[in-house]
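Taking it in order: structure first as structure tokens, then the write-up.
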Amino acid sequence: MSVALVFAAMGEAVQGDGGKTIQRKFKGSVVFKISDTDDIYTLDLKGPTLSVTKGEQENADLTVIVDSENMLKLITGELKPQQAFMRGKIKVKGKMNLAMKLTAVLTATRKKMPTAKL
């Protein structure tokens with residue numbers, strides 16, 4: 001599983017009715033900086049068009065800095081966002097009230113992740 005796949009799934013999760021439900025809980029923009037690969041993704045749940053794009057948006061409400069291993073653990077549920085923050089595995093800058101609601105986005109993304117079949 002790759003980080004690019006995670007953000008592709010997040011992009012799917014914010015489309016349609018599911019995206020509108022997430023937007024009601026989490027109205028803002030988040031920049032995810034993947035520290036070990038220097039990849040940057042932006043989740044925009046502010047405007048009429050909800051999206052996940054590669055690259056950085058200026059004036060994001062929240063910036064999350066995390067390495068790829070811990071990003072994957074957040075998506076799989078092995079690591080909870082609050083635990084990751086307390087243990088120093090992620091760094092968060094910006095509106096902390098949005099950071100507390102990040103679980104809704106991660107849960108919706110988890111549901112869109114492809115599952116391996118034997």
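In the structure tokens, the first chain shown is A, the next is B, and so on; residue numbers restart at 1 for each chain, and ligands run from 1 in the order shown.
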Which of chain A DSSP labels strand (DSSP E), written as a ChimeraX atom specification: /A:29-34,39-44,51-54,62-66,90-94
Can you pull out the residues contacting stretch 98-105 of chain A? Cut-off 12 Å, using only C-alpha atoms, and skip same-chain residues under 3 positions away; I want them as JSON, numbers by chain. {"A": [6, 7, 9, 10, 11, 12, 13, 14, 15, 18, 19, 20, 21, 22, 23, 24, 25, 26, 27, 28, 29, 30, 31, 32, 43, 44, 45, 52, 60, 61, 62, 63, 64, 65, 74, 75, 76, 77, 79, 80, 81, 82, 83, 84, 85, 90, 91, 92, 93, 94, 95, 108, 109, 110, 111, 112]}
Go through A:Val3, A:Met96, A:Ile34, A:Ala8 and flag the residue nearest A:Asp67, using only C-alpha atoms for the distances. A:Ile34
Take atom CA of A:Asp39 and atom CA of A:Lys54 and report the distance between them in Å, one decimal.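 Atom CA of A:Lys54 lies at a distance of 7.8 Å from atom CA of A:Asp39.
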Could you please determine the separation between atom CA of A:Met1 and atom CA of A:Ser51 in Å, to one decimal place?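 Distance reported for this atom pair: 21.1 Å.
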Among the residues of stretch 31-100 of chain A, find those DSSP assigns to helix (DSSP H, G or I) from the backbone and print them as a list of chain:residue names.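 Going through stretch 31-100 of chain A, the helix (DSSP H, G or I) residues come out as A:Ser68, A:Glu69, A:Asn70, A:Met71, A:Leu72, A:Lys73, A:Leu74, A:Ile75, A:Thr76, A:Pro81, A:Gln82, A:Gln83, A:Ala84, A:Phe85, A:Met86, A:Met96, A:Asn97, A:Leu98, A:Ala99.
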